[in-house]
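Enquirer: Provided below: input-v3.cif, containing mmCIF, C-alpha atoms (C1' of nucleotides).
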data_query
#
loop_
_atom_site.group_PDB
_atom_site.id
_atom_site.type_symbol
_atom_site.label_atom_id
_atom_site.label_comp_id
_atom_site.auth_asym_id
_atom_site.auth_seq_id
_atom_site.Cartn_x
_atom_site.Cartn_y
_atom_site.Cartn_z
ATOM 1 C CA MET A 1031 -50.132 -29.808 76.839
ATOM 2 C CA THR A 1032 -46.749 -30.584 78.309
ATOM 3 C CA LEU A 1033 -44.233 -27.978 79.321
ATOM 4 C CA THR A 1034 -40.583 -28.019 78.484
ATOM 5 C CA ALA A 1035 -38.075 -27.846 81.348
ATOM 6 C CA ASP A 1036 -37.381 -24.221 80.466
ATOM 7 C CA GLN A 1037 -41.048 -23.310 80.587
ATOM 8 C CA LYS A 1038 -41.458 -24.994 83.964
ATOM 9 C CA ARG A 1039 -38.448 -23.182 85.374
ATOM 10 C CA GLN A 1040 -39.705 -19.880 84.090
ATOM 11 C CA ALA A 1041 -43.150 -20.401 85.565
ATOM 12 C CA ALA A 1042 -41.501 -21.154 88.911
ATOM 13 C CA GLN A 1043 -39.438 -17.974 88.635
ATOM 14 C CA THR A 1044 -42.460 -15.854 87.869
ATOM 15 C CA HIS A 1045 -44.354 -17.346 90.786
ATOM 16 C CA TYR A 1046 -41.450 -16.749 93.153
ATOM 17 C CA ALA A 1047 -40.956 -13.180 91.935
ATOM 18 C CA GLU A 1048 -44.625 -12.402 92.512
ATOM 19 C CA GLY A 1049 -44.346 -13.665 96.063
ATOM 20 C CA LEU A 1050 -41.246 -11.578 96.526
ATOM 21 C CA GLY A 1051 -43.165 -8.449 95.634
ATOM 22 C CA LEU A 1052 -45.416 -9.111 98.623
ATOM 23 C CA CYS A 1053 -42.520 -9.466 101.057
ATOM 24 C CA PRO A 1054 -42.656 -6.594 103.580
ATOM 25 C CA ALA A 1055 -38.933 -5.920 103.448
ATOM 26 C CA ARG A 1056 -38.963 -5.797 99.659
ATOM 27 C CA GLN A 1057 -41.850 -3.340 99.682
ATOM 28 C CA LEU A 1058 -40.073 -1.129 102.171
ATOM 29 C CA LEU A 1059 -36.931 -1.156 100.073
ATOM 30 C CA GLU A 1060 -38.891 -0.175 96.993
ATOM 31 C CA ALA A 1061 -40.654 2.604 98.856
ATOM 32 C CA ILE A 1062 -37.565 4.271 100.274
ATOM 33 C CA SER A 1063 -35.169 3.686 97.408
ATOM 34 C CA SER A 1064 -37.045 5.992 95.105
ATOM 35 C CA LYS A 1065 -34.774 8.914 94.476
ATOM 36 C CA TRP A 1066 -36.137 11.719 96.669
ATOM 37 C CA VAL A 1067 -37.925 9.890 99.464
ATOM 38 C CA THR A 1068 -35.145 9.878 102.038
ATOM 39 C CA LEU A 1069 -34.182 13.488 101.389
ATOM 40 C CA VAL A 1070 -37.749 14.668 101.860
ATOM 41 C CA MET A 1071 -38.133 12.673 105.045
ATOM 42 C CA LEU A 1072 -34.869 13.958 106.456
ATOM 43 C CA ASP A 1073 -35.959 17.525 105.728
ATOM 44 C CA LEU A 1074 -39.267 16.937 107.454
ATOM 45 C CA ALA A 1075 -37.582 15.424 110.500
ATOM 46 C CA ASP A 1076 -37.604 18.714 112.436
ATOM 47 C CA GLY A 1077 -41.179 19.699 111.670
ATOM 48 C CA ALA A 1078 -43.702 20.554 108.993
ATOM 49 C CA LEU A 1079 -42.669 22.346 105.826
ATOM 50 C CA ARG A 1080 -44.474 23.944 102.932
ATOM 51 C CA HIS A 1081 -44.163 22.582 99.430
ATOM 52 C CA SER A 1082 -42.190 25.634 98.344
ATOM 53 C CA GLU A 1083 -39.816 25.306 101.276
ATOM 54 C CA LEU A 1084 -39.106 21.698 100.377
ATOM 55 C CA ARG A 1085 -38.386 22.782 96.831
ATOM 56 C CA ARG A 1086 -35.906 25.317 98.124
ATOM 57 C CA ARG A 1087 -34.149 22.739 100.260
ATOM 58 C CA ILE A 1088 -34.031 20.053 97.588
ATOM 59 C CA PRO A 1089 -33.282 22.002 94.424
ATOM 60 C CA GLY A 1090 -32.386 18.839 92.508
ATOM 61 C CA ALA A 1091 -35.956 17.582 92.518
ATOM 62 C CA SER A 1092 -38.193 18.829 89.756
ATOM 63 C CA GLN A 1093 -41.622 20.031 90.797
ATOM 64 C CA LYS A 1094 -43.182 16.948 89.304
ATOM 65 C CA MET A 1095 -40.888 14.570 91.192
ATOM 66 C CA LEU A 1096 -41.318 16.394 94.470
ATOM 67 C CA THR A 1097 -45.093 16.258 94.190
ATOM 68 C CA SER A 1098 -45.133 12.601 93.221
ATOM 69 C CA THR A 1099 -42.715 11.735 96.035
ATOM 70 C CA LEU A 1100 -44.926 13.512 98.555
ATOM 71 C CA ARG A 1101 -48.013 11.789 97.152
ATOM 72 C CA SER A 1102 -46.547 8.344 97.614
ATOM 73 C CA LEU A 1103 -45.388 9.229 101.135
ATOM 74 C CA GLU A 1104 -48.867 10.445 101.930
ATOM 75 C CA ARG A 1105 -50.396 7.304 100.463
ATOM 76 C CA ASP A 1106 -48.097 5.147 102.581
ATOM 77 C CA GLY A 1107 -49.183 6.972 105.719
ATOM 78 C CA LEU A 1108 -45.705 8.362 106.357
ATOM 79 C CA VAL A 1109 -46.576 12.009 105.756
ATOM 80 C CA THR A 1110 -49.701 14.113 106.191
ATOM 81 C CA ARG A 1111 -50.736 16.847 103.805
ATOM 82 C CA LEU A 1112 -52.527 19.924 105.093
ATOM 83 C CA LEU A 1113 -54.111 22.107 102.449
ATOM 84 C CA THR A 1114 -54.951 25.718 103.255
ATOM 85 C CA LEU A 1115 -57.332 27.277 100.747
ATOM 86 C CA SER A 1116 -56.024 30.816 100.817
ATOM 87 C CA VAL A 1117 -54.876 32.889 97.877
ATOM 88 C CA PRO A 1118 -52.395 31.740 96.939
ATOM 89 C CA VAL A 1119 -52.892 28.153 98.086
ATOM 90 C CA ARG A 1120 -50.670 26.755 100.817
ATOM 91 C CA THR A 1121 -49.811 23.131 101.610
ATOM 92 C CA ASP A 1122 -47.898 21.878 104.614
ATOM 93 C CA TYR A 1123 -46.352 18.444 104.897
ATOM 94 C CA GLU A 1124 -45.505 16.753 108.154
ATOM 95 C CA LEU A 1125 -44.209 13.342 109.202
ATOM 96 C CA THR A 1126 -46.663 11.004 110.897
ATOM 97 C CA PRO A 1127 -45.572 8.938 113.927
ATOM 98 C CA LEU A 1128 -45.077 6.062 111.503
ATOM 99 C CA GLY A 1129 -42.890 8.322 109.373
ATOM 100 C CA HIS A 1130 -40.838 9.312 112.373
ATOM 101 C CA SER A 1131 -40.261 5.698 113.300
ATOM 102 C CA LEU A 1132 -39.054 4.968 109.774
ATOM 103 C CA LEU A 1133 -36.613 7.824 110.180
ATOM 104 C CA GLY A 1134 -34.785 5.623 112.677
ATOM 105 C CA VAL A 1135 -34.076 3.030 110.000
ATOM 106 C CA ILE A 1136 -32.978 5.728 107.569
ATOM 107 C CA HIS A 1137 -30.551 7.132 110.101
ATOM 108 C CA GLY A 1138 -29.161 3.645 110.625
ATOM 109 C CA MET A 1139 -28.458 3.355 106.919
ATOM 110 C CA LYS A 1140 -26.968 6.812 106.805
ATOM 111 C CA GLU A 1141 -24.668 6.016 109.669
ATOM 112 C CA TRP A 1142 -23.421 2.799 108.115
ATOM 113 C CA ALA A 1143 -22.883 4.630 104.840
ATOM 114 C CA ASP A 1144 -20.907 7.423 106.469
ATOM 115 C CA ASP A 1145 -18.745 4.887 108.282
ATOM 116 C CA ASN A 1146 -18.181 2.356 105.518
ATOM 117 C CA MET A 1147 -18.801 3.660 102.031
ATOM 118 C CA ASP A 1148 -15.194 4.771 101.722
ATOM 119 C CA GLN A 1149 -14.197 1.121 102.084
ATOM 120 C CA VAL A 1150 -16.680 0.213 99.396
ATOM 121 C CA GLU A 1151 -15.234 2.951 97.187
ATOM 122 C CA GLU A 1152 -11.783 1.556 97.725
ATOM 123 C CA ALA A 1153 -12.904 -1.980 96.925
ATOM 124 C CA ARG A 1154 -14.459 -0.706 93.711
ATOM 125 C CA GLY A 1155 -11.254 1.028 92.739
ATOM 126 C CA ASP A 1156 -9.237 -2.109 93.403
ATOM 127 C CA TYR A 1157 -11.644 -4.306 91.488
ATOM 128 C CA ASP A 1158 -11.717 -1.984 88.510
ATOM 129 C CA SER A 1159 -7.970 -1.568 88.297
ATOM 130 C CA ARG A 1160 -7.500 -5.336 88.516
ATOM 131 C CA ARG A 1161 -9.910 -5.619 85.600
ATOM 132 C CA SER A 1162 -8.275 -3.047 83.395
ATOM 133 C CA SER A 1163 -4.638 -4.027 83.975
ATOM 134 C CA ALA A 1164 -3.027 -7.485 83.758
ATOM 135 C CA GLY A 1165 -5.905 -8.862 85.840
ATOM 136 C CA MET B 763 -24.609 34.833 76.548
ATOM 137 C CA THR B 764 -27.283 35.234 79.203
ATOM 138 C CA LEU B 765 -29.350 32.441 80.652
ATOM 139 C CA THR B 766 -33.078 32.432 81.183
ATOM 140 C CA ALA B 767 -34.415 31.811 84.682
ATOM 141 C CA ASP B 768 -35.436 28.341 83.620
ATOM 142 C CA GLN B 769 -32.005 27.533 82.297
ATOM 143 C CA LYS B 770 -30.379 28.721 85.509
ATOM 144 C CA ARG B 771 -32.741 26.661 87.632
ATOM 145 C CA GLN B 772 -32.112 23.607 85.539
ATOM 146 C CA ALA B 773 -28.343 24.018 85.747
ATOM 147 C CA ALA B 774 -28.668 24.223 89.517
ATOM 148 C CA GLN B 775 -30.791 21.057 89.570
ATOM 149 C CA THR B 776 -28.285 19.148 87.467
ATOM 150 C CA HIS B 777 -25.432 20.267 89.696
ATOM 151 C CA TYR B 778 -27.325 19.289 92.822
ATOM 152 C CA ALA B 779 -28.281 15.888 91.399
ATOM 153 C CA GLU B 780 -24.669 15.140 90.501
ATOM 154 C CA GLY B 781 -23.616 15.936 94.050
ATOM 155 C CA LEU B 782 -26.391 13.705 95.324
ATOM 156 C CA GLY B 783 -24.990 10.778 93.396
ATOM 157 C CA LEU B 784 -21.780 11.121 95.417
ATOM 158 C CA CYS B 785 -23.584 11.076 98.759
ATOM 159 C CA PRO B 786 -22.598 7.911 100.682
ATOM 160 C CA ALA B 787 -26.130 7.175 101.840
ATOM 161 C CA ARG B 788 -27.491 7.509 98.316
ATOM 162 C CA GLN B 789 -24.837 5.139 96.981
ATOM 163 C CA LEU B 790 -25.631 2.607 99.665
ATOM 164 C CA LEU B 791 -29.316 2.799 98.861
ATOM 165 C CA GLU B 792 -28.629 2.249 95.189
ATOM 166 C CA ALA B 793 -26.372 -0.687 95.951
ATOM 167 C CA ILE B 794 -28.781 -2.587 98.166
ATOM 168 C CA SER B 795 -32.043 -1.707 96.466
ATOM 169 C CA SER B 796 -31.159 -3.660 93.384
ATOM 170 C CA LYS B 797 -33.587 -6.538 93.269
ATOM 171 C CA TRP B 798 -31.605 -9.576 94.464
ATOM 172 C CA VAL B 799 -28.897 -8.048 96.625
ATOM 173 C CA THR B 800 -30.539 -8.410 100.012
ATOM 174 C CA LEU B 801 -31.774 -11.933 99.322
ATOM 175 C CA VAL B 802 -28.314 -13.075 98.324
ATOM 176 C CA MET B 803 -26.738 -11.476 101.367
ATOM 177 C CA LEU B 804 -29.307 -12.995 103.701
ATOM 178 C CA ASP B 805 -28.667 -16.427 102.211
ATOM 179 C CA LEU B 806 -24.930 -15.983 102.663
ATOM 180 C CA ALA B 807 -25.370 -14.882 106.274
ATOM 181 C CA ASP B 808 -24.741 -18.381 107.663
ATOM 182 C CA GLY B 809 -21.724 -19.204 105.550
ATOM 183 C CA ALA B 810 -20.343 -19.670 102.050
ATOM 184 C CA LEU B 811 -22.519 -21.084 99.288
ATOM 185 C CA ARG B 812 -21.910 -22.276 95.761
ATOM 186 C CA HIS B 813 -23.430 -20.523 92.797
ATOM 187 C CA SER B 814 -25.737 -23.468 92.147
ATOM 188 C CA GLU B 815 -26.885 -23.541 95.754
ATOM 189 C CA LEU B 816 -27.778 -19.852 95.609
ATOM 190 C CA ARG B 817 -29.762 -20.508 92.461
ATOM 191 C CA ARG B 818 -31.657 -23.234 94.230
ATOM 192 C CA ARG B 819 -32.456 -20.973 97.159
ATOM 193 C CA ILE B 820 -33.475 -18.001 95.059
ATOM 194 C CA PRO B 821 -35.373 -19.557 92.168
ATOM 195 C CA GLY B 822 -36.798 -16.181 91.123
ATOM 196 C CA ALA B 823 -33.444 -14.877 89.996
ATOM 197 C CA SER B 824 -32.392 -15.746 86.472
ATOM 198 C CA GLN B 825 -28.858 -16.993 86.071
ATOM 199 C CA LYS B 826 -27.852 -13.735 84.490
ATOM 200 C CA MET B 827 -29.248 -11.637 87.334
ATOM 201 C CA LEU B 828 -27.716 -13.837 90.000
ATOM 202 C CA THR B 829 -24.290 -13.601 88.390
ATOM 203 C CA SER B 830 -24.507 -9.859 87.903
ATOM 204 C CA THR B 831 -25.715 -9.369 91.483
ATOM 205 C CA LEU B 832 -22.810 -11.405 92.793
ATOM 206 C CA ARG B 833 -20.375 -9.472 90.593
ATOM 207 C CA SER B 834 -21.478 -6.124 91.954
ATOM 208 C CA LEU B 835 -21.332 -7.435 95.528
ATOM 209 C CA GLU B 836 -17.825 -8.689 94.858
ATOM 210 C CA ARG B 837 -16.854 -5.356 93.328
ATOM 211 C CA ASP B 838 -18.174 -3.513 96.375
ATOM 212 C CA GLY B 839 -16.069 -5.681 98.671
ATOM 213 C CA LEU B 840 -19.122 -7.210 100.347
ATOM 214 C CA VAL B 841 -18.612 -10.734 99.045
ATOM 215 C CA THR B 842 -15.600 -12.825 98.060
ATOM 216 C CA ARG B 843 -15.587 -15.224 95.162
ATOM 217 C CA LEU B 844 -13.514 -18.405 95.341
ATOM 218 C CA LEU B 845 -13.038 -20.236 92.071
ATOM 219 C CA THR B 846 -12.038 -23.909 92.117
ATOM 220 C CA LEU B 847 -10.770 -25.147 88.772
ATOM 221 C CA SER B 848 -12.055 -28.683 88.875
ATOM 222 C CA VAL B 849 -14.238 -30.418 86.338
ATOM 223 C CA PRO B 850 -16.860 -29.202 86.486
ATOM 224 C CA VAL B 851 -15.901 -25.773 87.785
ATOM 225 C CA ARG B 852 -16.941 -24.725 91.267
ATOM 226 C CA THR B 853 -17.356 -21.241 92.741
ATOM 227 C CA ASP B 854 -18.046 -20.373 96.333
ATOM 228 C CA TYR B 855 -19.298 -17.028 97.553
ATOM 229 C CA GLU B 856 -18.863 -15.752 101.072
ATOM 230 C CA LEU B 857 -19.617 -12.516 102.907
ATOM 231 C CA THR B 858 -16.650 -10.363 103.857
ATOM 232 C CA PRO B 859 -16.522 -8.714 107.315
ATOM 233 C CA LEU B 860 -17.783 -5.567 105.597
ATOM 234 C CA GLY B 861 -20.640 -7.576 104.145
ATOM 235 C CA HIS B 862 -21.488 -8.970 107.558
ATOM 236 C CA SER B 863 -21.594 -5.507 109.056
ATOM 237 C CA LEU B 864 -23.981 -4.383 106.323
ATOM 238 C CA LEU B 865 -26.170 -7.322 107.247
ATOM 239 C CA GLY B 866 -26.900 -5.488 110.486
ATOM 240 C CA VAL B 867 -28.469 -2.609 108.596
ATOM 241 C CA ILE B 868 -30.439 -5.004 106.424
ATOM 242 C CA HIS B 869 -31.817 -6.768 109.470
ATOM 243 C CA GLY B 870 -32.833 -3.406 110.887
ATOM 244 C CA MET B 871 -34.834 -2.675 107.755
ATOM 245 C CA LYS B 872 -36.350 -6.136 107.765
ATOM 246 C CA GLU B 873 -37.420 -5.742 111.354
ATOM 247 C CA TRP B 874 -39.081 -2.377 110.763
ATOM 248 C CA ALA B 875 -40.813 -3.825 107.709
ATOM 249 C CA ASP B 876 -42.130 -6.847 109.602
ATOM 250 C CA ASP B 877 -43.421 -4.598 112.369
ATOM 251 C CA ASN B 878 -44.917 -1.772 110.339
ATOM 252 C CA MET B 879 -45.626 -2.620 106.732
ATOM 253 C CA ASP B 880 -49.106 -3.795 107.619
ATOM 254 C CA GLN B 881 -49.842 -0.238 108.744
ATOM 255 C CA VAL B 882 -48.484 1.056 105.455
ATOM 256 C CA GLU B 883 -50.665 -1.437 103.608
ATOM 257 C CA GLU B 884 -53.678 -0.212 105.514
ATOM 258 C CA ALA B 885 -52.854 3.434 104.799
ATOM 259 C CA ARG B 886 -52.594 2.594 101.113
ATOM 260 C CA GLY B 887 -55.957 0.910 101.171
ATOM 261 C CA ASP B 888 -57.559 3.893 102.890
ATOM 262 C CA TYR B 889 -55.949 6.360 100.507
ATOM 263 C CA ASP B 890 -56.996 4.412 97.429
ATOM 264 C CA SER B 891 -60.591 3.935 98.547
ATOM 265 C CA ARG B 892 -60.875 7.639 99.382
ATOM 266 C CA ARG B 893 -59.657 8.347 95.851
ATOM 267 C CA SER B 894 -62.039 6.025 94.090
ATOM 268 C CA SER B 895 -65.194 6.886 96.029
ATOM 269 C CA ALA B 896 -66.684 10.315 96.823
ATOM 270 C CA GLY B 897 -63.217 11.555 97.832
ATOM 271 C "C1'" DC C 1018 -48.295 28.767 95.103
ATOM 272 C "C1'" DT C 1019 -49.330 24.078 94.110
ATOM 273 C "C1'" DG C 1020 -50.473 20.608 91.071
ATOM 274 C "C1'" DT C 1021 -51.542 18.103 86.676
ATOM 275 C "C1'" DA C 1022 -50.766 16.326 81.862
ATOM 276 C "C1'" DT C 1023 -47.657 15.083 78.070
ATOM 277 C "C1'" DC C 1024 -43.794 13.601 75.928
ATOM 278 C "C1'" DC C 1025 -39.114 11.716 76.015
ATOM 279 C "C1'" DT C 1026 -34.977 9.217 77.557
ATOM 280 C "C1'" DC C 1027 -32.361 5.905 79.853
ATOM 281 C "C1'" DT C 1028 -31.542 1.782 82.192
ATOM 282 C "C1'" DA C 1029 -32.666 -2.257 85.421
ATOM 283 C "C1'" DA C 1030 -34.387 -6.516 84.739
ATOM 284 C "C1'" DG C 1031 -35.593 -10.382 82.077
ATOM 285 C "C1'" DA C 1032 -35.653 -13.945 77.908
ATOM 286 C "C1'" DT C 1033 -32.735 -16.576 75.167
ATOM 287 C "C1'" DA C 1034 -28.868 -18.746 73.293
ATOM 288 C "C1'" DC C 1035 -24.189 -19.841 73.448
ATOM 289 C "C1'" DT C 1036 -19.111 -21.202 75.502
ATOM 290 C "C1'" DG C 1037 -15.350 -23.394 78.419
ATOM 291 C "C1'" DC D 493 -21.344 -25.924 86.634
ATOM 292 C "C1'" DA D 494 -20.554 -21.176 85.890
ATOM 293 C "C1'" DG D 495 -20.497 -17.408 82.959
ATOM 294 C "C1'" DT D 496 -21.075 -14.290 78.825
ATOM 295 C "C1'" DA D 497 -23.454 -11.884 74.902
ATOM 296 C "C1'" DT D 498 -27.465 -9.968 72.698
ATOM 297 C "C1'" DC D 499 -32.144 -8.342 72.351
ATOM 298 C "C1'" DT D 500 -36.360 -6.652 74.367
ATOM 299 C "C1'" DT D 501 -39.322 -4.276 77.527
ATOM 300 C "C1'" DA D 502 -41.443 -1.772 81.463
ATOM 301 C "C1'" DG D 503 -41.087 1.948 84.279
ATOM 302 C "C1'" DA D 504 -38.521 5.669 86.911
ATOM 303 C "C1'" DG D 505 -37.087 9.998 86.269
ATOM 304 C "C1'" DG D 506 -36.972 14.328 83.868
ATOM 305 C "C1'" DA D 507 -38.338 18.588 80.558
ATOM 306 C "C1'" DT D 508 -42.015 21.428 79.411
ATOM 307 C "C1'" DA D 509 -46.325 23.611 79.268
ATOM 308 C "C1'" DC D 510 -50.521 24.575 81.273
ATOM 309 C "C1'" DA D 511 -54.413 25.259 85.121
ATOM 310 C "C1'" DG D 512 -56.925 26.376 89.537
#
Take the structure in the file and write it out as structure tokens.
Expert:
Amino acid sequence: MTLTADQKRQAAQTHYAEGLGLCPARQLLEAISSKWVTLVMLDLADGALRHSELRRRIPGASQKMLTSTLRSLERDGLVTRLLTLSVPVRTDYELTPLGHSLLGVIHGMKEWADDNMDQVEEARGDYDSRRSSAG
Amino acid sequence: MTLTADQKRQAAQTHYAEGLGLCPARQLLEAISSKWVTLVMLDLADGALRHSELRRRIPGASQKMLTSTLRSLERDGLVTRLLTLSVPVRTDYELTPLGHSLLGVIHGMKEWADDNMDQVEEARGDYDSRRSSAG
DNA sequence: CTGTATCCTCTAAGATACTG
DNA sequence: CAGTATCTTAGAGGATACAG
């Protein structure tokens, strides 16, 4: 069978997008852009914390989201999980060396944001007002 | 009226999450984690490009996504759009100084990813095999 | 205390078709 | 060539209830 131009283009797009998913930088971006990842890592920067302590520090995260965030961090080798089988149970989370090194990148982003996001805000305001008025 | 403990907790979570949305670092993360943003910015690093040229370089992005990515970059003051009313029309996109400075952060992420994502990959493999086997 | 299972909502991303 | 409008879908995030 022959493909139409549209079908060929779409196949090329799909192929490219699949390759993109394997790109290291893309994977990193997807890992750290999930909503609570950076907050958890920043809280763990100074040492291990219990699950309940993390909940206290990040009240916006539901229990489910906190657990799933920690699971993916553990899976990625960025955080270790230490389970103590007492009554009641106790779990401690701690950054791995790899996690600590990633913290450097996160701080870089945070710094740029603190220095420049007000400019971005301003640009957004300008753009939006140009849109709504006589444009 | 009185609130249950659950209702109070949830109100606190909502309030916290709203504040989080205003955090500069969070906003930055949301801006650059959208799928095509970094690719577009990297392609514009060496100079202005036309819309059609960007499409050629990033075949995975549909026309709609490329346009909407460029719009949000323009709105954020990271990219300028120059429209030339010839026949056919021509538009050129170029990084602003602010956009160039953000490129530094992006390169930092890319570098960390190139250096360390193989370790992450390995950790994922280990974690998954531990899950599937005797655990 | 910590973690799982279920159900629900909202939106980013994509497919498609059309206009100046 | 560049852009817009509409429809659909997959998945992240959240609410709730339950379990070891």
Enquirer: For this file, the PyMOL selection byres ((chain C) within 9 of (chain B)) selects which residues, as a ChimeraX atom specification?
Expert: /C:1029-1031
Enquirer: Counting only C-alpha atoms, which of B:Ala885, B:Leu811, B:Ile868, B:Ala773 gets nearest to chain A?
Expert: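 The shortest atom-to-atom distance to chain A comes from B:Ala885.
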Enquirer: Please identify all residues of chain D having at least one atom at most 9 Å from any atom of chain B, considering all atoms listed in the file, and return them as number ranges by chain.
Expert: D: 493-496
Enquirer: Please enumerate the residues selected by the PyMOL selection byres ((chain B and resi 854-865) around 9) when evaluated against the supplied file, formatted as a count of residues only.
Expert: 33
Enquirer: Per residue of chain B within 6 Å of chain A, what are the shortest atom pair and its distance in Å to one decimal, counting only C-alpha atoms, with rows by chain and residue number, as CSV?
Expert:
residue,atom,partner,partner_atom,distance
B:Gln775,CA,A:Gly1090,CA,4.0
B:Tyr778,CA,A:Gly1090,CA,5.1
B:Ala779,CA,A:Gly1090,CA,5.2
B:Pro786,CA,A:Ala1143,CA,5.3
B:Ala787,CA,A:Lys1140,CA,5.0
B:Pro821,CA,A:Gln1043,CA,5.6
B:Gly822,CA,A:Gln1043,CA,4.0
B:Arg837,CA,A:Arg1154,CA,5.2
B:Asp838,CA,A:Val1150,CA,5.0
B:Gly839,CA,A:Ala1153,CA,5.2
B:Lys872,CA,A:Ala1055,CA,5.0
B:Ala875,CA,A:Ala1055,CA,5.1
B:Met879,CA,A:Pro1054,CA,5.9
B:Val882,CA,A:Asp1106,CA,5.0
B:Ala885,CA,A:Gly1107,CA,5.2
B:Arg886,CA,A:Arg1105,CA,5.2
B:Tyr889,CA,A:Arg1105,CA,5.6
Enquirer: Any chance you could work out the residue set of the PyMOL selection byres ((chain D and resi 511) around 10) here, as a VMD selection string?
Expert: (chain C and resid 1020 to 1021) or (chain D and resid 510 512)
Enquirer: Tell me, in Å to one decimal, how far C1' of DA504 (chain D) is from CA of Leu1084 (chain A).
Expert: 20.9 Å
Enquirer: Please, what distance in Å, to one decimal, runs between CA of Gln1037 (chain A) and CA of Val802 (chain B)?
Expert: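 Answer for the CA of Gln1037 (chain A) to CA of Val802 (chain B) separation: 24.1 Å.
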Enquirer: Which distance in Å separates CA of Ala767 (chain B) and C1' of DA509 (chain D), to one decimal?
Expert: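 Between CA of Ala767 (chain B) and C1' of DA509 (chain D) the gap is 15.4 Å.
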Enquirer: Which residues of chain C sit at most 9 Å from region 498-503 of chain D, using all atoms listed in the file? Give each one's shortest atom pair and distance in Å (one decimal place), in chain and ascending residue order, as CSV.
Expert:
residue,atom,partner,partner_atom,distance
C:DG1031,C1',D:DT501,C1',8.5
C:DA1032,C1',D:DT500,C1',8.1
C:DT1033,C1',D:DC499,C1',8.7
C:DA1034,C1',D:DT498,C1',8.9
Enquirer: Box for region 834-841 of chain B: with edges along x, y and z, all listed atoms inside and 4 Å added on each side, what are the centre and edge lengths in Å to one decimal, as JSON?
Expert:
{"center_x": -18.8, "center_y": -7.1, "center_z": 96.2, "size_x": 13.4, "size_y": 15.2, "size_z": 16.4}
